[in-house]
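**Q** Okay, handing you the structure first.
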Amino acid sequence: MSWAIEVNNLNVWYGDKHIIKNISFKVPKNIIFAVMGPSGCGKSTLLRAMNRLLELNPYARVEGQVKINGIDVYSDNVDITWVRRQFGMVFQIPNPFPHLSIYENVALGPRLNGLVKNRSQLDELVKQALEQAYLWDEVKHDLKKPASMLSGGQQQRLCIARALALKPRIILMDEPTANLDPVASSRIEELMLELKEEYTIIIVTHNPQQAARISDYVAFLYMGELIEIGETSVVFTRPRHVLTEKYVVGRMG
Amino acid sequence: MSLKRPIDYGLEKLKGLMNDMITLAEKALKISIESILTRVDSIEEVRKTSDQLLFMMDEVGELAVQLIARFQPVASDLREIKSAIQVSYDFSRIGRYAANISEIVRMVPEGGCDFKKINELSQIVLEMVEEVGRAYLNKDLKKAEEIKSRDDQVDYLYAENIKYLIQMGGKIDTACLLSIALILRYLERIADHTCYIADSLTYIITGTKQ
């Protein structure tokens with residue numbers, strides 16, 4: 001099997017605090033992989049270790065490997081820009097550039113990264129990304145309007161379109177629906193199921209029901225340790241570990 | 001463009017499994033009736049199909065549990081999943097009765113038996129199985145009601161044929177008499193299961209139990 005990402009013996013510290021404790025796992029391509037666990041278990045840290053976003057934190061220290069296509073993103077000779085380009089990232093709070101137009105929010109990345117040669121190519125790329133994010137029909141007549149005029153759910157889909165425009169291999173999502181109402185959340189979940197045909201999606205969620213609904217594989221993290229990993233249909237019907245059982249049935253803590 | 005709900009992927013898989021079960025149950029019954037009328041031994045083939053149906057019933061049950069655990073279905077989704085467990089059992093039973101019918105070939109004496117008495121009933125029951133399968137997949141409430149109304153005809157024919165066999169006691173070969181009686185009984189039970197499936201369909205569509 002070819003893997004989208006391989007994590008080997010990953011450890012993360014914030015100062016003296018050991019946050020991620022020697023975690024190893026592999027994620028197959030074109031699936032939704034959910035990382036679930038209670039608050040503070042290290043799931044967002046794990047996500048940020050994958051695309052080296054933790055380097056922005058001066059107290060963070062990472063050891064271990066994160067391999068994409070066999071290349072360890074932490075190797076000395078790997079370009080950080082290349083690493084970031086492999087991942088699209090979507091955060092808990094929709095964070096479009098509020099004063100830029102809807103069009104510019106999507107166009108900025110491809111333009112800065114030299115992905116297009118002319119305006120018509122850029123137009124096509126923006127349209128394609130917005131269509132993939134199932135937002136095109138809602139915004140095609142308002143492309144010049146500021147992103148801030150969109151609803152929260154639409155802003156989150158704009159952020160997804162912005163990530164897709166850079167043609168990443170993997171999309172990282174950190175609680176992407178935590179700030180959305182149930183209808184907008186459902187749209188994002190439905191969208192993820194479409195996107196996995198082309199991308200590998202890794203989502204962090206503190207909501208086990210969401211992990212159950214949308215993921216193909218799921219990992220359960222507790223106090224920085226990987227307690228259990230497996231097919232979602234198995235983990236939610238017959239978990240192997242007593243802690244996973246307690247967590248998914250809502251009897252933890 | 002519209003997106004699918006997460007549960008829709010699972011419901012499609014469930015529908016695919018049910019579709020396969022319906023095809024197999026029809027096939028099993030058709031072969032078993034033909035084997036009786038033509039005296040061709042098809043026991044192994046029908047048993048194999050029956051075993052497949054039993055295996056698929058477990059698959060449906062497992063998938064249904066997964067769907068409930070993962071998607072917290074409500075209303076029509078929940079009724080559909082709950083009913084799939086019941087209906088898959090009904091189709092597996094139809095497969096089992098078909099296997100029982102096919103086994104009767106080995107009870108038939110050298111000179112053969114006159115199976116005219118099962119002709120009419122077997123045709124009606126076969127049609128009921130085919131129609132209930134289609135009605136289930138197409139969510140056809142009207143057809144479900146029609147199928148149930150045909151069960152009265154099945155019960156009548158069954159009772160009449162049994163009466164006839166009692167009268168014929170001692171006049172025809174005992175093995176033949178038993179063979180015909182058993183086939184009639186199995187067919188009557190299969191018809192009952194088509195009615196249970198029709199009831200499940202009514203429950204899925206209307207939410208009311210018969």
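Please note that chains go A, B, ... in the order of the structure tokens, that every chain numbers its residues from 1, and that ligands are numbered from 1 in the order shown.
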Give me, as number ranges by chain, the residues of chain B touching chain A, with the criterion being at most 8 Å (counting only C-alpha atoms).
**A** B: 1, 3-7, 65-66, 69-71
**Q** Could the residues in this selection be saved with N, CA and C atoms as a tab-separated table (two decimals), in the first residue's frame?
**A**
chain	number	residue	atom	x	y	z
B	1	MET	N	-25.30	21.58	-8.02
B	1	MET	CA	-24.68	20.36	-7.55
B	1	MET	C	-25.04	20.12	-6.08
B	3	LEU	N	-24.44	17.70	-2.55
B	3	LEU	CA	-23.51	16.76	-1.91
B	3	LEU	C	-24.30	15.68	-1.19
B	4	LYS	N	-23.66	14.53	-1.01
B	4	LYS	CA	-24.31	13.45	-0.26
B	4	LYS	C	-24.04	13.64	1.22
B	5	ARG	N	-25.00	13.17	2.04
B	5	ARG	CA	-24.77	13.17	3.48
B	5	ARG	C	-23.82	12.00	3.80
B	6	PRO	N	-23.06	12.10	4.90
B	6	PRO	CA	-22.16	10.99	5.23
B	6	PRO	C	-22.88	9.64	5.29
B	7	ILE	N	-24.09	9.62	5.83
B	7	ILE	CA	-24.81	8.33	5.97
B	7	ILE	C	-25.22	7.75	4.62
B	65	VAL	N	-25.44	-2.19	12.24
B	65	VAL	CA	-24.91	-1.78	13.55
B	65	VAL	C	-23.89	-0.65	13.38
B	66	GLN	N	-23.05	-0.80	12.38
B	66	GLN	CA	-22.05	0.25	12.12
B	66	GLN	C	-22.72	1.58	11.79
B	69	ALA	N	-24.12	3.05	14.92
B	69	ALA	CA	-23.05	3.55	15.80
B	69	ALA	C	-22.40	4.81	15.25
B	70	ARG	N	-22.26	4.88	13.93
B	70	ARG	CA	-21.48	5.99	13.36
B	70	ARG	C	-22.33	7.21	13.03
B	71	PHE	N	-23.59	7.02	12.65
B	71	PHE	CA	-24.34	8.16	12.10
B	71	PHE	C	-25.55	8.58	12.93
**Q** Among range 44-89 of chain A, which ones does DSSP place in strand (DSSP E), written as an MDAnalysis selection string?
**A** chainID A and resid 60:68 71:72 87:89
**Q** Taking N, CA and C atoms for each residue, export the selection above as a compact mmCIF listing (two decimals), in the first residue's frame.
**A**
# COMPACT_ATOMS: atom_id res chain seq x y z
N ALA A 60 8.75 25.04 21.23
CA ALA A 60 8.45 23.68 20.75
C ALA A 60 9.70 22.99 20.23
N ARG A 61 9.81 21.69 20.54
CA ARG A 61 10.92 20.87 20.04
C ARG A 61 10.33 19.56 19.52
N VAL A 62 10.78 19.18 18.33
CA VAL A 62 10.22 17.98 17.68
C VAL A 62 11.34 16.98 17.43
N GLU A 63 11.05 15.70 17.69
CA GLU A 63 11.97 14.61 17.32
C GLU A 63 11.15 13.54 16.61
N GLY A 64 11.81 12.85 15.69
CA GLY A 64 11.11 11.79 14.96
C GLY A 64 10.97 12.16 13.50
N GLN A 65 10.21 11.32 12.79
CA GLN A 65 10.07 11.52 11.34
C GLN A 65 8.61 11.72 10.94
N VAL A 66 8.41 12.56 9.95
CA VAL A 66 7.12 12.67 9.27
C VAL A 66 7.43 12.58 7.78
N LYS A 67 7.06 11.46 7.17
CA LYS A 67 7.45 11.23 5.78
C LYS A 67 6.27 11.41 4.82
N ILE A 68 6.56 12.16 3.74
CA ILE A 68 5.59 12.27 2.65
C ILE A 68 6.29 11.71 1.42
N ILE A 71 9.85 11.06 1.88
CA ILE A 71 10.77 12.15 2.25
C ILE A 71 10.41 12.66 3.63
N ASP A 72 11.39 12.66 4.50
CA ASP A 72 11.16 13.15 5.87
C ASP A 72 11.15 14.68 5.86
N PHE A 87 0.90 20.52 2.12
CA PHE A 87 -0.27 20.51 3.01
C PHE A 87 -1.14 21.74 2.79
N GLY A 88 -2.45 21.52 2.74
CA GLY A 88 -3.37 22.63 2.88
C GLY A 88 -3.83 22.60 4.32
N MET A 89 -4.11 23.75 4.90
CA MET A 89 -4.53 23.70 6.31
C MET A 89 -5.78 24.55 6.52
**Q** Excluding same-chain residues fewer than 6 positions from range 167-181 of chain B, what lies within 9 Å of it counting only C-alpha atoms, as a PyMOL selection string?
**A** chain B and resi 101+104-105+107-109+112-115+117-118+161
**Q** Suppose we keep N, CA and C atoms; can you now write the selection as an mmCIF file, in the first residue's frame?
**A**
data_model
loop_
_atom_site.group_PDB
_atom_site.id
_atom_site.type_symbol
_atom_site.label_atom_id
_atom_site.label_comp_id
_atom_site.auth_asym_id
_atom_site.auth_seq_id
_atom_site.Cartn_x
_atom_site.Cartn_y
_atom_site.Cartn_z
ATOM 1 N N ILE B 101 -36.646 -27.278 -0.491
ATOM 2 C CA ILE B 101 -37.419 -27.771 -1.645
ATOM 3 C C ILE B 101 -36.503 -28.595 -2.562
ATOM 4 N N ILE B 104 -35.811 -32.213 -1.773
ATOM 5 C CA ILE B 104 -36.893 -33.203 -1.938
ATOM 6 C C ILE B 104 -36.684 -34.082 -3.181
ATOM 7 N N VAL B 105 -35.898 -33.567 -4.132
ATOM 8 C CA VAL B 105 -35.581 -34.371 -5.330
ATOM 9 C C VAL B 105 -35.111 -35.775 -4.934
ATOM 10 N N MET B 107 -36.009 -37.477 -2.400
ATOM 11 C CA MET B 107 -37.074 -38.305 -1.792
ATOM 12 C C MET B 107 -37.959 -38.951 -2.855
ATOM 13 N N VAL B 108 -37.901 -38.383 -4.068
ATOM 14 C CA VAL B 108 -38.816 -38.832 -5.125
ATOM 15 C C VAL B 108 -38.460 -40.262 -5.558
ATOM 16 N N PRO B 109 -39.469 -41.165 -5.577
ATOM 17 C CA PRO B 109 -39.185 -42.569 -5.961
ATOM 18 C C PRO B 109 -38.824 -42.685 -7.451
ATOM 19 N N GLY B 112 -41.030 -41.524 -10.228
ATOM 20 C CA GLY B 112 -41.390 -40.103 -10.218
ATOM 21 C C GLY B 112 -42.723 -39.838 -9.548
ATOM 22 N N CYS B 113 -43.067 -38.566 -9.354
ATOM 23 C CA CYS B 113 -44.336 -38.167 -8.735
ATOM 24 C C CYS B 113 -45.033 -37.177 -9.658
ATOM 25 N N ASP B 114 -46.319 -37.078 -9.454
ATOM 26 C CA ASP B 114 -47.068 -36.093 -10.234
ATOM 27 C C ASP B 114 -47.070 -34.770 -9.452
ATOM 28 N N PHE B 115 -46.272 -33.823 -9.915
ATOM 29 C CA PHE B 115 -46.152 -32.550 -9.181
ATOM 30 C C PHE B 115 -47.071 -31.446 -9.710
ATOM 31 N N LYS B 117 -49.806 -30.580 -8.724
ATOM 32 C CA LYS B 117 -50.443 -29.848 -7.626
ATOM 33 C C LYS B 117 -49.611 -28.661 -7.113
ATOM 34 N N ILE B 118 -48.307 -28.700 -7.395
ATOM 35 C CA ILE B 118 -47.513 -27.555 -6.897
ATOM 36 C C ILE B 118 -47.347 -26.459 -7.956
ATOM 37 N N ASN B 161 -55.027 -27.980 -1.408
ATOM 38 C CA ASN B 161 -54.109 -29.056 -1.825
ATOM 39 C C ASN B 161 -53.839 -30.044 -0.698
#
**Q** Could you list, as an NGL selection string, every residue within 10 Å of Leu243 in chain A, counting only C-alpha atoms and ignoring same-chain residues fewer than 5 positions away?
**A** :A and (220-222 or 227-228 or 248 or 251-252)
**Q** Once DSSP has gone over the backbone, tell me which residues of chain B are in alpha helix (DSSP H), as a PyMOL selection string.
**A** chain B and resi 6-38+43-71+75-103+116-138+141-167+174-206
**Q** I'd like the contact shell of Ile23 in chain A - 9 Å cut-off, only C-alpha atoms, skipping same-chain residues fewer than 3 positions apart - returned as a list in words.
**A**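 The residues satisfying every condition are Val7, Asn8, Asn9, Leu10, Asn11, Ile20, Gly64, Gly224, Glu225 and Leu226 of chain A.
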**Q** I need the residues from that last selection saved to file as a JSON list (two decimals), in the first residue's frame (with N, CA and C atoms), if you can.
**A**
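So the final result, stored in selection14.json, reads:
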[["chain", "number", "residue", "atom", "x", "y", "z"],
["A", 7, "VAL", "N", 4.31, 8.59, 10.01],
["A", 7, "VAL", "CA", 4.84, 9.26, 11.21],
["A", 7, "VAL", "C", 5.59, 8.19, 12.02],
["A", 8, "ASN", "N", 6.87, 8.47, 12.27],
["A", 8, "ASN", "CA", 7.69, 7.49, 13.00],
["A", 8, "ASN", "C", 8.29, 8.08, 14.26],
["A", 9, "ASN", "N", 7.99, 7.46, 15.39],
["A", 9, "ASN", "CA", 8.58, 7.84, 16.69],
["A", 9, "ASN", "C", 8.56, 9.35, 16.91],
["A", 10, "LEU", "N", 7.42, 9.93, 16.71],
["A", 10, "LEU", "CA", 7.31, 11.39, 16.83],
["A", 10, "LEU", "C", 7.15, 11.79, 18.31],
["A", 11, "ASN", "N", 7.98, 12.71, 18.70],
["A", 11, "ASN", "CA", 7.91, 13.28, 20.06],
["A", 11, "ASN", "C", 7.88, 14.80, 19.94],
["A", 20, "ILE", "N", 3.68, 15.12, 22.86],
["A", 20, "ILE", "CA", 3.43, 13.96, 21.99],
["A", 20, "ILE", "C", 4.48, 12.90, 22.34],
["A", 64, "GLY", "N", 11.81, 12.85, 15.69],
["A", 64, "GLY", "CA", 11.11, 11.79, 14.96],
["A", 64, "GLY", "C", 10.97, 12.16, 13.50],
["A", 224, "GLY", "N", -1.20, 12.60, 25.18],
["A", 224, "GLY", "CA", -0.02, 12.55, 24.30],
["A", 224, "GLY", "C", 0.33, 11.18, 23.77],
["A", 225, "GLU", "N", -0.43, 10.16, 24.18],
["A", 225, "GLU", "CA", -0.12, 8.81, 23.69],
["A", 225, "GLU", "C", -1.18, 8.34, 22.70],
["A", 226, "LEU", "N", -0.72, 7.59, 21.72],
["A", 226, "LEU", "CA", -1.63, 6.99, 20.76],
["A", 226, "LEU", "C", -2.19, 5.72, 21.39]]
**Q** Near His141 in chain A, within 12 Å and counting only C-alpha atoms, which residues show up once chain neighbours fewer than 3 positions away are dropped, as a PyMOL selection string?
**A** chain A and resi 102-103+127+135-138+144-145
**Q** Kindly export the residues of the current selection with C-alpha atoms, as a CSV table (one decimal), in the first residue's frame.
**A**
chain,number,residue,atom,x,y,z
A,102,ILE,CA,-13.4,36.4,-2.5
A,103,TYR,CA,-11.4,36.1,-5.7
A,127,LYS,CA,-13.1,28.9,-10.4
A,135,LEU,CA,-18.9,27.5,-3.1
A,136,TRP,CA,-18.8,28.6,-6.8
A,137,ASP,CA,-22.5,28.7,-7.3
A,138,GLU,CA,-23.0,30.8,-4.2
A,144,LYS,CA,-15.1,41.1,-6.1
A,145,LYS,CA,-16.9,41.5,-2.8
**Q** Just give me the gap between CA of Lys82 in chain B and CA of Ala184 in chain A in Å, one decimal is fine.
**A**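 It comes out at 28.4 Å.
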**Q** Using only C-alpha atoms, which of the listed residues (A:Gln156, A:Ser24, A:Thr205, A:Ser2) sits closest to Val90 in chain A?
**A**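 Checking each candidate against Val90 in chain A, we get A:Gln156 as the closest.
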**Q** Could you pull the residues within 8 Å of Asp41 in chain B, counting only C-alpha atoms, minus those fewer than 6 positions along the same chain, as an mmCIF file with C-alpha atoms, in the first residue's frame?
**A**
data_model
loop_
_atom_site.group_PDB
_atom_site.id
_atom_site.type_symbol
_atom_site.label_atom_id
_atom_site.label_comp_id
_atom_site.auth_asym_id
_atom_site.auth_seq_id
_atom_site.Cartn_x
_atom_site.Cartn_y
_atom_site.Cartn_z
ATOM 1 C CA SER B 35 -35.239 -29.019 -10.173
ATOM 2 C CA SER B 102 -34.408 -28.749 -3.746
ATOM 3 C CA VAL B 105 -35.581 -34.371 -5.330
ATOM 4 C CA ARG B 106 -33.799 -37.138 -3.428
#
**Q** Calculate how many Å separate CA of Ala25 in chain B from CA of Leu78 in chain B, rounding to one decimal.
**A**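 CA of Ala25 in chain B sits 24.7 Å away from CA of Leu78 in chain B.
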